[in-house]
file upload.csv (CSV, C-alpha atoms (C1' of nucleotides))
chain,number,residue,atom,x,y,z
A,35,MET,CA,48.1,-65.6,-1.7
A,36,ASP,CA,46.5,-65.8,-5.1
A,37,LYS,CA,47.8,-63.8,-7.9
A,38,ILE,CA,45.9,-61.1,-9.6
A,39,LEU,CA,46.8,-58.6,-12.3
A,40,VAL,CA,45.5,-55.0,-12.1
A,41,ILE,CA,45.5,-52.7,-15.1
A,42,CYS,CA,44.4,-49.3,-14.0
A,43,GLY,CA,45.2,-45.6,-14.8
A,44,ALA,CA,43.6,-42.7,-16.4
A,45,THR,CA,40.7,-42.8,-18.8
A,46,ALA,CA,41.7,-43.0,-22.5
A,47,SER,CA,45.1,-44.4,-21.6
A,48,GLY,CA,44.7,-47.7,-23.4
A,49,LYS,CA,43.7,-50.0,-20.5
A,50,THR,CA,41.2,-52.0,-22.5
A,51,LYS,CA,43.6,-52.9,-25.3
A,52,LEU,CA,46.3,-53.9,-22.9
A,53,ALA,CA,43.9,-56.0,-20.8
A,54,VAL,CA,42.8,-57.9,-23.8
A,55,ASP,CA,46.3,-58.4,-25.0
A,56,CYS,CA,47.2,-59.8,-21.6
A,57,ALA,CA,44.1,-62.0,-21.3
A,58,LEU,CA,44.9,-63.6,-24.6
A,59,LYS,CA,48.5,-64.2,-23.7
A,60,LEU,CA,47.7,-65.5,-20.2
A,61,ASN,CA,44.6,-67.3,-21.3
A,62,THR,CA,42.3,-65.7,-18.7
A,63,GLU,CA,39.4,-63.3,-18.4
A,64,VAL,CA,38.9,-59.6,-17.5
A,65,ILE,CA,37.0,-58.2,-14.6
A,66,SER,CA,36.1,-54.6,-15.3
A,67,ALA,CA,36.5,-52.1,-12.4
A,68,ASP,CA,34.5,-49.2,-13.6
A,69,SER,CA,31.6,-47.6,-11.8
A,70,GLN,CA,29.8,-46.7,-15.0
A,71,LEU,CA,30.4,-49.7,-17.1
A,72,VAL,CA,28.2,-51.7,-14.8
A,73,TYR,CA,25.2,-50.0,-16.3
A,74,LYS,CA,23.3,-51.4,-19.2
A,75,GLU,CA,22.6,-49.1,-22.1
A,76,LEU,CA,25.3,-46.6,-21.3
A,77,ASN,CA,27.6,-47.6,-24.0
A,78,ILE,CA,29.0,-44.8,-26.1
A,79,GLY,CA,29.5,-42.2,-23.4
A,80,THR,CA,31.2,-44.7,-21.1
A,81,ALA,CA,33.4,-46.0,-23.9
A,82,LYS,CA,32.3,-49.5,-23.0
A,83,PRO,CA,34.5,-52.1,-24.8
A,84,THR,CA,32.8,-53.3,-27.9
A,85,ALA,CA,32.7,-57.0,-29.0
A,86,GLU,CA,35.4,-56.1,-31.5
A,87,GLU,CA,37.7,-54.6,-28.9
A,88,MET,CA,37.2,-57.6,-26.6
A,89,ARG,CA,38.4,-60.0,-29.2
A,90,GLY,CA,36.6,-62.9,-27.7
A,91,VAL,CA,38.0,-62.3,-24.2
A,92,LYS,CA,35.3,-62.7,-21.6
A,93,HIS,CA,34.7,-59.5,-19.7
A,94,HIS,CA,32.9,-59.5,-16.3
A,95,MET,CA,31.1,-56.7,-14.5
A,96,LEU,CA,29.8,-55.0,-17.6
A,97,ASP,CA,26.0,-54.4,-17.9
A,98,VAL,CA,25.2,-55.9,-14.6
A,99,VAL,CA,22.4,-53.5,-13.6
A,100,GLU,CA,19.7,-51.4,-15.2
A,101,PRO,CA,20.3,-47.7,-15.6
A,102,SER,CA,17.7,-46.9,-13.0
A,103,CYS,CA,19.6,-48.7,-10.3
A,104,ASN,CA,21.9,-47.4,-7.6
A,105,TYR,CA,25.1,-49.2,-7.5
A,106,SER,CA,28.0,-48.9,-5.0
A,107,VAL,CA,31.4,-50.3,-4.1
A,108,SER,CA,29.9,-52.9,-1.8
A,109,ASP,CA,27.8,-54.3,-4.6
A,110,TYR,CA,30.9,-54.3,-6.8
A,111,GLU,CA,33.2,-55.8,-4.2
A,112,ALA,CA,31.0,-58.8,-3.5
A,113,ALA,CA,30.4,-59.6,-7.2
A,114,ALA,CA,34.0,-59.0,-8.4
A,115,ARG,CA,35.6,-61.1,-5.6
A,116,LYS,CA,33.4,-64.0,-6.4
A,117,ILE,CA,34.4,-63.9,-10.1
A,118,ALA,CA,38.0,-63.5,-9.2
A,119,ASP,CA,38.0,-66.4,-6.9
A,120,ASN,CA,36.2,-68.5,-9.5
A,121,LEU,CA,38.9,-67.7,-12.1
A,122,THR,CA,41.6,-68.5,-9.5
A,123,GLU,CA,40.0,-71.9,-8.9
A,124,GLN,CA,40.3,-72.6,-12.6
A,125,GLY,CA,44.0,-71.8,-12.4
A,126,LYS,CA,43.7,-68.5,-14.1
A,127,VAL,CA,45.1,-65.2,-13.0
A,128,PRO,CA,42.2,-62.7,-13.0
A,129,ILE,CA,42.8,-59.4,-14.7
A,130,ILE,CA,41.1,-56.4,-13.0
A,131,CYS,CA,40.9,-53.6,-15.5
A,132,GLY,CA,39.4,-50.2,-14.9
A,133,GLY,CA,39.7,-46.6,-13.8
A,134,THR,CA,37.6,-46.6,-10.7
A,135,GLY,CA,40.3,-46.7,-8.0
A,136,PHE,CA,37.8,-47.0,-5.3
A,137,TYR,CA,36.4,-50.2,-6.8
A,138,ILE,CA,39.9,-51.6,-7.3
A,139,ASN,CA,40.8,-51.0,-3.7
A,140,SER,CA,37.7,-52.8,-2.6
A,141,VAL,CA,38.7,-56.1,-4.1
A,142,LEU,CA,42.4,-55.7,-3.5
A,143,PHE,CA,42.3,-54.9,0.2
A,144,ASP,CA,40.4,-56.0,3.2
A,145,LEU,CA,38.3,-53.0,3.9
A,146,GLN,CA,35.3,-52.8,6.2
A,147,TYR,CA,33.8,-49.5,5.2
A,148,GLY,CA,32.7,-49.1,8.8
A,149,ASN,CA,30.5,-52.2,8.5
A,150,ALA,CA,27.7,-49.7,7.9
A,151,ALA,CA,25.5,-50.2,4.9
A,152,ALA,CA,24.1,-47.2,3.1
A,153,ASP,CA,20.9,-46.0,4.6
A,154,TYR,CA,19.0,-43.6,2.3
A,155,LYS,CA,16.6,-42.5,4.9
A,156,ILE,CA,19.4,-41.3,7.1
A,157,ARG,CA,21.0,-39.6,4.2
A,158,GLU,CA,17.8,-37.8,3.3
A,159,GLN,CA,17.4,-36.7,6.9
A,160,TYR,CA,20.9,-35.2,7.0
A,161,GLU,CA,20.4,-33.6,3.6
A,162,LYS,CA,17.4,-31.9,4.9
A,163,ILE,CA,19.4,-30.5,7.8
A,164,LEU,CA,22.0,-29.5,5.3
A,165,ASN,CA,19.5,-27.6,3.2
A,166,GLU,CA,17.9,-25.9,6.1
A,167,ASN,CA,20.8,-25.2,8.4
A,168,GLY,CA,23.8,-25.3,6.2
A,169,LYS,CA,27.2,-27.1,6.1
A,170,GLU,CA,28.6,-25.8,9.3
A,171,GLU,CA,25.6,-27.0,11.3
A,172,LEU,CA,26.0,-30.5,9.7
A,173,HIS,CA,29.7,-30.5,10.4
A,174,SER,CA,29.0,-29.5,14.0
A,175,TYR,CA,26.8,-32.6,14.4
A,176,LEU,CA,29.7,-34.7,13.4
A,177,LYS,CA,32.0,-32.9,15.8
A,178,LYS,CA,29.8,-34.0,18.6
A,179,VAL,CA,29.7,-37.7,17.8
A,180,ASP,CA,33.1,-38.2,16.0
A,181,PRO,CA,35.4,-35.3,16.6
A,182,GLU,CA,38.4,-37.0,15.0
A,183,THR,CA,36.7,-37.5,11.7
A,184,ALA,CA,35.1,-34.0,11.9
A,185,GLU,CA,38.6,-32.7,12.3
A,186,LYS,CA,39.7,-34.4,9.1
A,187,LEU,CA,36.8,-33.4,6.9
A,188,HIS,CA,36.3,-30.0,5.5
A,189,PRO,CA,32.7,-28.7,6.3
A,190,ASN,CA,32.2,-28.3,2.5
A,191,ASP,CA,32.8,-32.0,2.0
A,192,VAL,CA,29.2,-32.7,2.8
A,193,LYS,CA,29.0,-36.2,1.2
A,194,ARG,CA,31.7,-37.5,3.5
A,195,VAL,CA,30.3,-35.7,6.5
A,196,ILE,CA,27.0,-37.3,5.9
A,197,ARG,CA,28.6,-40.7,5.4
A,198,ALA,CA,30.5,-40.3,8.7
A,199,LEU,CA,27.2,-39.4,10.4
A,200,GLU,CA,25.6,-42.4,8.7
A,201,ILE,CA,28.2,-44.8,9.9
A,202,TYR,CA,27.7,-43.6,13.5
A,203,GLU,CA,24.0,-43.9,13.3
A,204,VAL,CA,23.9,-47.3,11.6
A,205,SER,CA,26.7,-49.0,13.5
A,206,GLY,CA,27.0,-47.0,16.6
A,207,SER,CA,30.7,-46.7,16.1
A,208,LYS,CA,32.8,-43.9,14.7
A,209,LYS,CA,34.4,-43.7,11.3
A,210,SER,CA,37.6,-42.7,13.0
A,211,ASP,CA,37.6,-46.1,14.7
A,212,ILE,CA,38.1,-47.9,11.4
A,213,LYS,CA,41.7,-49.1,11.3
A,214,ASP,CA,41.7,-51.3,8.3
A,215,GLY,CA,45.3,-50.8,7.2
A,216,PHE,CA,44.8,-51.8,3.6
A,217,ASN,CA,45.9,-55.4,4.0
A,218,PRO,CA,46.2,-57.0,0.5
A,219,ARG,CA,44.0,-60.0,-0.1
A,220,TYR,CA,45.9,-61.0,-3.2
A,221,ASP,CA,49.4,-61.1,-4.5
A,222,TYR,CA,48.7,-58.3,-6.9
A,223,THR,CA,50.7,-56.8,-9.7
A,224,ALA,CA,49.4,-53.4,-10.7
A,225,VAL,CA,50.3,-51.5,-13.9
A,226,ALA,CA,49.1,-48.3,-15.4
A,227,ILE,CA,50.0,-46.6,-18.7
A,228,ASP,CA,51.7,-43.3,-18.2
A,229,TYR,CA,51.1,-41.0,-21.1
A,230,PRO,CA,52.7,-37.5,-21.0
A,231,ARG,CA,49.9,-35.2,-19.8
A,232,GLU,CA,49.5,-33.4,-23.1
A,233,GLU,CA,49.3,-36.5,-25.1
A,234,LEU,CA,46.7,-38.0,-22.7
A,235,TYR,CA,44.6,-34.9,-23.0
A,236,GLU,CA,44.8,-35.1,-26.8
A,237,ARG,CA,43.6,-38.7,-26.7
A,238,ILE,CA,40.7,-37.7,-24.4
A,239,ASN,CA,39.7,-34.9,-26.8
A,240,ASN,CA,39.8,-37.3,-29.7
A,241,ARG,CA,37.8,-39.9,-27.9
A,242,VAL,CA,35.1,-37.4,-27.0
A,243,ASP,CA,34.8,-36.4,-30.6
A,244,GLU,CA,34.4,-40.0,-31.5
A,245,MET,CA,31.6,-40.4,-29.0
A,246,PHE,CA,29.7,-37.7,-30.7
A,247,GLU,CA,30.2,-39.3,-34.1
A,248,ARG,CA,29.0,-42.6,-32.8
A,249,GLY,CA,25.8,-41.0,-31.5
A,250,LEU,CA,26.2,-40.0,-27.9
A,251,VAL,CA,23.5,-37.5,-28.1
A,252,ASP,CA,21.0,-40.1,-29.4
A,253,GLU,CA,22.0,-42.5,-26.7
A,254,VAL,CA,21.3,-40.0,-24.0
A,255,ALA,CA,18.0,-38.9,-25.7
A,256,LEU,CA,16.9,-42.5,-25.8
A,257,LEU,CA,17.6,-43.0,-22.1
A,258,ILE,CA,15.7,-39.9,-21.2
A,259,LYS,CA,12.8,-41.2,-23.3
A,260,LYS,CA,12.9,-44.3,-21.2
A,261,GLY,CA,12.6,-42.3,-18.1
A,262,ILE,CA,16.2,-42.3,-17.0
A,263,ASN,CA,16.7,-38.7,-15.9
A,264,GLU,CA,19.4,-36.7,-14.2
A,265,ASP,CA,18.3,-38.0,-10.8
A,266,CYS,CA,19.5,-41.4,-11.6
A,267,GLN,CA,22.9,-42.2,-10.3
A,268,CYS,CA,24.2,-43.3,-13.7
A,269,MET,CA,23.4,-40.0,-15.2
A,270,GLN,CA,26.1,-38.4,-13.1
A,271,ALA,CA,28.6,-39.9,-15.5
A,272,ILE,CA,30.7,-37.6,-17.6
A,273,GLY,CA,29.3,-37.4,-21.1
A,274,TYR,CA,25.7,-38.0,-19.9
A,275,LYS,CA,25.2,-35.2,-17.5
A,276,GLU,CA,26.6,-32.7,-19.9
A,277,VAL,CA,24.4,-33.8,-22.8
A,278,ILE,CA,21.3,-33.7,-20.6
A,279,LEU,CA,22.3,-30.1,-19.6
A,280,GLY,CA,23.0,-29.3,-23.2
A,281,LEU,CA,19.7,-30.7,-24.4
A,282,LYS,CA,17.9,-28.8,-21.8
A,283,ASN,CA,19.5,-25.5,-22.6
A,284,GLY,CA,19.8,-25.9,-26.3
A,285,TYR,CA,23.6,-26.0,-26.5
A,286,ASN,CA,25.1,-27.0,-29.8
A,287,ASP,CA,27.3,-30.1,-30.1
A,288,SER,CA,30.5,-28.3,-30.0
A,289,THR,CA,29.7,-26.6,-26.7
A,290,MET,CA,28.8,-30.0,-25.2
A,291,ARG,CA,31.9,-31.5,-26.5
A,292,ASP,CA,34.1,-28.8,-25.0
A,293,ILE,CA,32.5,-29.3,-21.6
A,294,ILE,CA,32.8,-33.0,-21.7
A,295,LYS,CA,36.4,-32.8,-22.8
A,296,GLN,CA,37.2,-30.5,-20.0
A,297,ASN,CA,35.4,-32.6,-17.4
A,298,THR,CA,37.1,-35.7,-18.7
A,299,ARG,CA,40.5,-34.1,-18.4
A,300,HIS,CA,39.8,-33.1,-14.8
A,301,TYR,CA,38.7,-36.7,-14.1
A,302,ALA,CA,41.9,-38.1,-15.6
A,303,LYS,CA,43.9,-35.9,-13.4
A,304,ARG,CA,42.1,-37.1,-10.3
A,305,GLN,CA,42.5,-40.7,-11.4
A,306,ILE,CA,46.3,-40.3,-11.7
A,307,THR,CA,46.4,-38.7,-8.3
A,308,PHE,CA,44.5,-41.7,-6.9
A,309,PHE,CA,46.6,-44.4,-8.5
A,310,LYS,CA,49.8,-42.8,-7.4
A,311,LYS,CA,48.8,-44.0,-3.9
A,312,LEU,CA,48.4,-47.6,-5.0
A,313,LYS,CA,51.2,-49.5,-3.4
A,314,ASN,CA,53.8,-51.0,-5.8
A,315,ILE,CA,52.0,-49.7,-8.9
A,316,ILE,CA,54.2,-49.8,-12.0
A,317,TRP,CA,53.9,-47.0,-14.5
A,318,LEU,CA,54.6,-48.1,-18.0
A,319,LYS,CA,55.5,-45.9,-20.8
A,320,PRO,CA,53.1,-46.3,-23.7
A,321,ASN,CA,55.6,-48.3,-25.7
A,322,GLU,CA,56.2,-50.6,-22.8
A,323,ALA,CA,52.6,-51.4,-22.4
A,324,THR,CA,52.7,-54.8,-23.9
A,325,ALA,CA,51.4,-58.2,-22.8
A,326,GLU,CA,55.0,-59.6,-22.9
A,327,ASN,CA,56.2,-56.9,-20.4
A,328,VAL,CA,53.2,-57.3,-18.2
A,329,ALA,CA,53.5,-61.1,-18.1
A,330,ARG,CA,57.1,-60.7,-17.1
A,331,LEU,CA,56.3,-58.3,-14.3
A,332,LEU,CA,53.6,-60.7,-13.1
A,333,ASN,CA,56.1,-63.5,-12.7
A,334,GLU,CA,58.7,-61.4,-10.9
B,120,G,C1',46.1,11.7,-41.6
B,121,G,C1',42.3,13.5,-37.6
B,122,C,C1',39.2,12.4,-33.4
B,123,G,C1',37.4,9.1,-29.5
B,124,C,C1',37.9,4.7,-26.5
B,125,U,C1',41.2,1.2,-24.5
B,126,A,C1',45.8,-1.6,-22.6
B,127,U,C1',45.7,-5.6,-15.3
B,128,A,C1',48.2,-13.5,-14.9
B,129,G,C1',47.5,-18.4,-20.4
B,130,C,C1',42.0,-16.5,-20.8
B,131,C,C1',37.7,-13.4,-18.8
B,132,A,C1',37.8,-9.6,-15.3
B,133,A,C1',37.3,-6.1,-10.5
B,134,G,C1',39.9,-2.2,-8.6
B,135,U,C1',40.2,5.0,-10.5
B,136,G,C1',45.6,7.8,-5.0
B,137,G,C1',47.4,4.0,0.2
B,138,U,C1',50.3,-0.8,-1.3
B,139,A,C1',46.6,-6.2,-6.9
B,140,A,C1',38.9,-9.0,-5.8
B,141,G,C1',36.7,-13.0,-8.3
B,142,G,C1',36.0,-16.8,-12.2
B,143,C,C1',38.2,-20.1,-15.8
B,144,C,C1',42.5,-22.8,-17.2
B,145,A,C1',46.8,-25.2,-15.2
B,146,G,C1',49.3,-27.8,-11.3
B,147,G,C1',49.2,-30.5,-6.6
B,148,G,C1',46.2,-33.2,-3.1
B,149,U,C1',42.1,-35.9,-0.2
B,150,C,C1',39.5,-40.4,-0.9
B,151,U,C1',37.1,-47.0,3.7
B,152,G,C1',29.1,-48.4,0.9
B,153,C,C1',26.6,-42.1,-4.4
B,154,A,C1',33.7,-42.3,-6.5
B,155,A,C1',33.1,-40.6,-14.3
B,156,A,C1',31.0,-38.4,-7.5
B,157,A,C1',32.3,-35.0,-3.7
B,158,C,C1',35.9,-32.0,-1.5
B,159,C,C1',40.7,-29.2,-0.4
B,160,C,C1',45.3,-26.4,-1.6
B,161,U,C1',48.6,-23.4,-4.9
B,162,C,C1',48.8,-20.1,-8.9
B,163,A,C1',50.6,-11.4,-10.9
B,164,U,C1',56.5,-8.6,-5.8
B,165,C,C1',53.2,-6.5,-9.6
B,166,C,C1',49.0,-3.7,-13.4
B,167,C,C1',52.0,-2.1,-22.0
B,168,C,C1',56.7,1.3,-22.1
B,169,C,C1',59.2,6.1,-20.8
B,170,G,C1',59.0,10.5,-17.9
B,171,G,C1',56.4,13.7,-14.4
B,172,U,C1',53.1,15.1,-9.9
B,173,U,C1',52.8,13.1,-4.8
B,174,C,C1',55.0,11.0,1.7
B,175,A,C1',52.4,7.3,-1.5
B,176,A,C1',50.2,5.8,-8.5
B,177,A,C1',47.7,0.0,-11.6
B,178,U,C1',45.0,4.2,-10.2
B,179,C,C1',46.5,11.6,-11.7
B,180,C,C1',49.4,14.3,-15.9
B,181,G,C1',52.5,14.3,-20.5
B,182,G,C1',54.7,11.4,-24.3
B,183,G,C1',55.4,6.7,-26.8
B,184,U,C1',53.6,1.9,-28.5
B,185,G,C1',49.6,-1.8,-29.5
B,186,G,C1',44.3,-2.8,-30.1
B,187,C,C1',39.3,-1.2,-31.1
B,188,G,C1',35.8,2.4,-33.2
B,189,C,C1',34.5,6.6,-36.0
B,190,C,C1',35.7,10.5,-39.5
B,191,U,C1',38.4,12.3,-43.9

call {"tool": "encode", "arguments": {"input": "upload.csv", "output": "C-alpha cells"}}
result
Amino acid sequence: MDKILVICGATASGKTKLAVDCALKLNTEVISADSQLVYKELNIGTAKPTAEEMRGVKHHMLDVVEPSCNYSVSDYEAAARKIADNLTEQGKVPIICGGTGFYINSVLFDLQYGNAAADYKIREQYEKILNENGKEELHSYLKKVDPETAEKLHPNDVKRVIRALEIYEVSGSKKSDIKDGFNPRYDYTAVAIDYPREELYERINNRVDEMFERGLVDEVALLIKKGINEDCQCMQAIGYKEVILGLKNGYNDSTMRDIIKQNTRHYAKRQITFFKKLKNIIWLKPNEATAENVARLLNE
RNA sequence: GGCGCUAUAGCCAAGUGGUAAGGCCAGGGUCUGCAAAACCCUCAUCCCCCGGUUCAAAUCCGGGUGGCGCCU
C-alpha cells in the first residue's frame, strides 16, 4: 500500500506550519483537507495559508471552486485521490493536511456513501414535508423504509434523516445496508497537535482578533456585494455567517468577534472528538510537532 | 447613620409552603455525498449565614452578612 501522511486536528493548532515543515523535509506537496478552503475568495475568515506561510510548497485543493458553488465530500474525494496518486507516482509521500475529518476519511478509506449521489430535488421535497408536518413525521417515513437507520437517528437530526431517505430513493437500498468497514486505501500515518484545551482556546481567540485586523468584515462585505449571500453553502463557514448576521443587525466588531470565537471553540471541540476516532492517530505535544519527529514516525 | 430593595450553579434566570424550570458556558459524544454543517448526552442532594414557625421552607418570621438604591 502507498504511504500517505495525514496532519489533522483542531483549528488553530498549527497544522499548516507543520505540514510545510514536513513537505520541505520530505520534498513533497500538501493536499488540503478543508471544506472551506476549497472556495475562492474566502481567505481571511478561513485562515487560508498565504504564499508566505506556504514557503514555496505546492498546496492542492485550495481555491478550486467559486463561492457560489456547492461542494461536497464526493467532489473532494475524487479530486484529492487523483492528486495523491499522482504524487505517489512521482515517488513522493502526499501530505494531507486539514481539519475536515469527513474529507480526510473519504480519501483514507474505501467508503461508498450508499452509492447515492445528492439529489437536491429529493431534499427539497423532504424539507417541505419537514416544514409542513414536522420532524416526527419525517422520521416516521424513515421508520417505514429503513427502520434500522431510523432507530439510530434522533428525529431532530433532520439532515441525516433526509439523507437516509435520499439514499433509499436514489439507490433503492437502505443506508443501514452499507457495511463499508473503513478499510484503509493507504498505509497512512496520522498526526495531530494536542494543545492543552485552554491554550488552544487562547490561540483561537488570538486568531480571530487577527482576522478582524486583516479585514474580515471587508472581505465578507465584498462577497455580499458580488451576490454571495447567506444562502450559499460557503457562507455557513464560521466567521462569515456571523459577520453577515452582524452586518444585518448592526453589531459592533467586538460582538461579532465574541460570537466567532465562541463558535470556533465549539468547532475545535467537535474536531477533537472526531479525530479521536481516527485509527492509530498520534497526538503530538506542541513541542514534539517537528518535521524530524513526523518523518521518523512515517518510517516506523 | 436612617429607610427601601435584593441575595438561587462559572454567568443570566424561573420558582413565593410540598421536596430546585429554562438559557448560556463547560465537559462528553454522534458522524458513510450540505461536515467550519447538523444532531445527542451530562452538568445545584440543594437555593448567603444563624435561629424560629410548620408534618413539610429556596419559599413565612426574626437576626446577621454582602450587594444595589434613596435620604441625612

call {"tool": "interface_residues", "arguments": {"input": "upload.csv", "of": "chain A", "to": "chain B", "cutoff": "7 Å", "atoms": "all atoms listed in the file", "output": "number ranges by chain"}}
result
A: 70, 106-108, 136, 145-147, 151-152, 190-191, 193, 267, 271-272, 301

call {"tool": "atom_distance", "arguments": {"input": "upload.csv", "atom1": "CA of Glu326 in chain A", "atom2": "CA of Asp36 in chain A"}}
result
20.7 Å

call {"tool": "residues_around", "arguments": {"input": "upload.csv", "residues": "C187 in chain B", "least_positions_apart": "2", "cutoff": "12 Å", "atoms": "all atoms listed in the file", "output": "PyMOL selection string"}}
result
chain B and resi 123-126+185+189

call {"tool": "residues_near_point", "arguments": {"input": "upload.csv", "point": "(46.3, -20.9, -7.4)", "cutoff": "9 Å", "atoms": "all atoms listed in the file", "output": "list in words"}}
result
A145, G146, C160, U161 and C162 of chain B

call {"tool": "residues_around", "arguments": {"input": "upload.csv", "residues": "range 137-142 of chain A", "least_positions_apart": "2", "cutoff": "10 Å", "atoms": "only C-alpha atoms (C1' of nucleotides)", "output": "PyMOL selection string"}}
result
(chain A and resi 38+40-42+66-69+106-116+118+130-135+144-147+216-222+309+312) or (chain B and resi 151+154)

call {"tool": "closest_residue", "arguments": {"input": "upload.csv", "among": "A:Phe143, A:Leu58, A:Asn240, A:Ser47", "to": "Asp214 in chain A", "atoms": "only C-alpha atoms"}}
result
A:Phe143

call {"tool": "residues_around", "arguments": {"input": "upload.csv", "residues": "range 168-182 of chain B", "least_positions_apart": "6", "cutoff": "10 Å", "atoms": "all atoms listed in the file", "output": "MDAnalysis selection string"}}
result
chainID B and resid 127 134:139

call {"tool": "atom_distance", "arguments": {"input": "upload.csv", "atom1": "CA of Gly261 in chain A", "atom2": "CA of Glu100 in chain A"}}
result
11.9 Å

call {"tool": "residues_around", "arguments": {"input": "upload.csv", "residues": "Val91 in chain A", "least_positions_apart": "5", "cutoff": "7 Å", "atoms": "all atoms listed in the file", "output": "ChimeraX atom specification"}}
result
/A:54,57,63

call {"tool": "atom_distance", "arguments": {"input": "upload.csv", "atom1": "CA of His173 in chain A", "atom2": "CA of Gln159 in chain A"}}
result
14.2 Å

call {"tool": "residues_around", "arguments": {"input": "upload.csv", "residues": "Ala85 in chain A", "least_positions_apart": "4", "cutoff": "12 Å", "atoms": "only C-alpha atoms (C1' of nucleotides)", "output": "short mmCIF file (atom, residue, chain, number, x, y, z; two decimals) with C-alpha atoms, in the frame of the given file"}}
result
data_model
loop_
_atom_site.label_atom_id
_atom_site.label_comp_id
_atom_site.auth_asym_id
_atom_site.auth_seq_id
_atom_site.Cartn_x
_atom_site.Cartn_y
_atom_site.Cartn_z
CA THR A 50 41.20 -52.00 -22.50
CA VAL A 54 42.80 -57.90 -23.80
CA ASN A 77 27.60 -47.60 -24.00
CA ARG A 89 38.40 -60.00 -29.20
CA GLY A 90 36.60 -62.90 -27.70
CA VAL A 91 38.00 -62.30 -24.20
CA LYS A 92 35.30 -62.70 -21.60
CA HIS A 93 34.70 -59.50 -19.70
CA LEU A 96 29.80 -55.00 -17.60
#

call {"tool": "decode", "arguments": {"input": "upload.csv", "residues": "range 174-185 of chain B", "atoms": "N, CA and C atoms (P, O5', C5', C4', C3', O3' and C1' of nucleotides)", "output": "short mmCIF file (atom, residue, chain, number, x, y, z; two decimals), in the first residue's frame"}}
result
data_model
loop_
_atom_site.label_atom_id
_atom_site.label_comp_id
_atom_site.auth_asym_id
_atom_site.auth_seq_id
_atom_site.Cartn_x
_atom_site.Cartn_y
_atom_site.Cartn_z
P C B 174 -46.97 20.86 63.09
"O5'" C B 174 -46.22 19.85 62.09
"C5'" C B 174 -45.62 18.66 62.63
"C4'" C B 174 -45.15 17.80 61.48
"C3'" C B 174 -44.29 18.52 60.46
"O3'" C B 174 -42.94 18.57 60.87
"C1'" C B 174 -45.96 17.30 59.32
P A B 175 -42.10 19.93 60.59
"O5'" A B 175 -42.06 20.00 59.00
"C5'" A B 175 -41.29 19.02 58.27
"C4'" A B 175 -41.48 19.25 56.79
"C3'" A B 175 -41.13 20.64 56.30
"O3'" A B 175 -39.74 20.73 56.05
"C1'" A B 175 -43.21 19.98 55.38
P A B 176 -39.00 22.15 56.27
"O5'" A B 176 -39.71 23.05 55.14
"C5'" A B 176 -39.57 22.80 53.74
"C4'" A B 176 -39.16 24.10 53.07
"C3'" A B 176 -37.78 24.50 53.59
"O3'" A B 176 -36.84 24.21 52.59
"C1'" A B 176 -39.43 26.26 53.94
P A B 177 -35.84 24.22 51.84
"O5'" A B 177 -35.58 25.62 51.11
"C5'" A B 177 -34.35 26.31 51.26
"C4'" A B 177 -34.41 27.61 50.51
"C3'" A B 177 -35.64 28.47 50.83
"O3'" A B 177 -35.36 29.31 51.93
"C1'" A B 177 -35.38 28.25 48.49
P U B 178 -36.59 30.03 52.70
"O5'" U B 178 -37.09 31.03 51.61
"C5'" U B 178 -38.26 31.80 51.79
"C4'" U B 178 -39.20 31.59 50.63
"C3'" U B 178 -40.68 31.71 51.00
"O3'" U B 178 -41.15 32.96 50.53
"C1'" U B 178 -40.24 29.86 49.54
P C B 179 -41.01 34.26 51.48
"O5'" C B 179 -41.86 33.87 52.77
"C5'" C B 179 -43.25 34.15 52.85
"C4'" C B 179 -43.69 34.04 54.29
"C3'" C B 179 -42.77 34.76 55.27
"O3'" C B 179 -43.11 36.13 55.37
"C1'" C B 179 -43.18 32.56 56.05
P C B 180 -42.01 37.18 55.76
"O5'" C B 180 -41.80 36.91 57.31
"C5'" C B 180 -42.84 37.18 58.25
"C4'" C B 180 -42.34 36.89 59.64
"C3'" C B 180 -41.00 37.53 59.98
"O3'" C B 180 -41.16 38.87 60.39
"C1'" C B 180 -40.95 35.25 60.61
P G B 181 -39.98 39.90 60.14
"O5'" G B 181 -38.92 39.48 61.25
"C5'" G B 181 -39.21 39.71 62.63
"C4'" G B 181 -38.07 39.21 63.48
"C3'" G B 181 -36.69 39.70 63.06
"O3'" G B 181 -36.41 41.01 63.55
"C1'" G B 181 -36.59 37.38 63.44
P G B 182 -35.41 41.93 62.75
"O5'" G B 182 -34.00 41.26 63.05
"C5'" G B 182 -33.46 41.29 64.38
"C4'" G B 182 -32.22 40.42 64.45
"C3'" G B 182 -31.11 40.78 63.47
"O3'" G B 182 -30.32 41.88 63.89
"C1'" G B 182 -31.44 38.44 63.45
P G B 183 -29.59 42.75 62.76
"O5'" G B 183 -28.44 41.78 62.27
"C5'" G B 183 -27.36 41.43 63.14
"C4'" G B 183 -26.48 40.39 62.49
"C3'" G B 183 -25.78 40.83 61.22
"O3'" G B 183 -24.60 41.58 61.49
"C1'" G B 183 -26.73 38.69 60.88
P U B 184 -24.26 42.80 60.56
"O5'" U B 184 -23.67 42.07 59.26
"C5'" U B 184 -22.46 41.28 59.34
"C4'" U B 184 -22.28 40.51 58.06
"C3'" U B 184 -22.30 41.34 56.79
"O3'" U B 184 -21.06 41.98 56.52
"C1'" U B 184 -23.67 39.45 56.48
P G B 185 -21.07 43.36 55.76
"O5'" G B 185 -21.34 42.93 54.25
"C5'" G B 185 -20.32 42.24 53.52
"C4'" G B 185 -20.86 41.83 52.17
"C3'" G B 185 -21.42 42.97 51.31
"O3'" G B 185 -20.39 43.68 50.63
"C1'" G B 185 -22.91 41.14 51.26
#
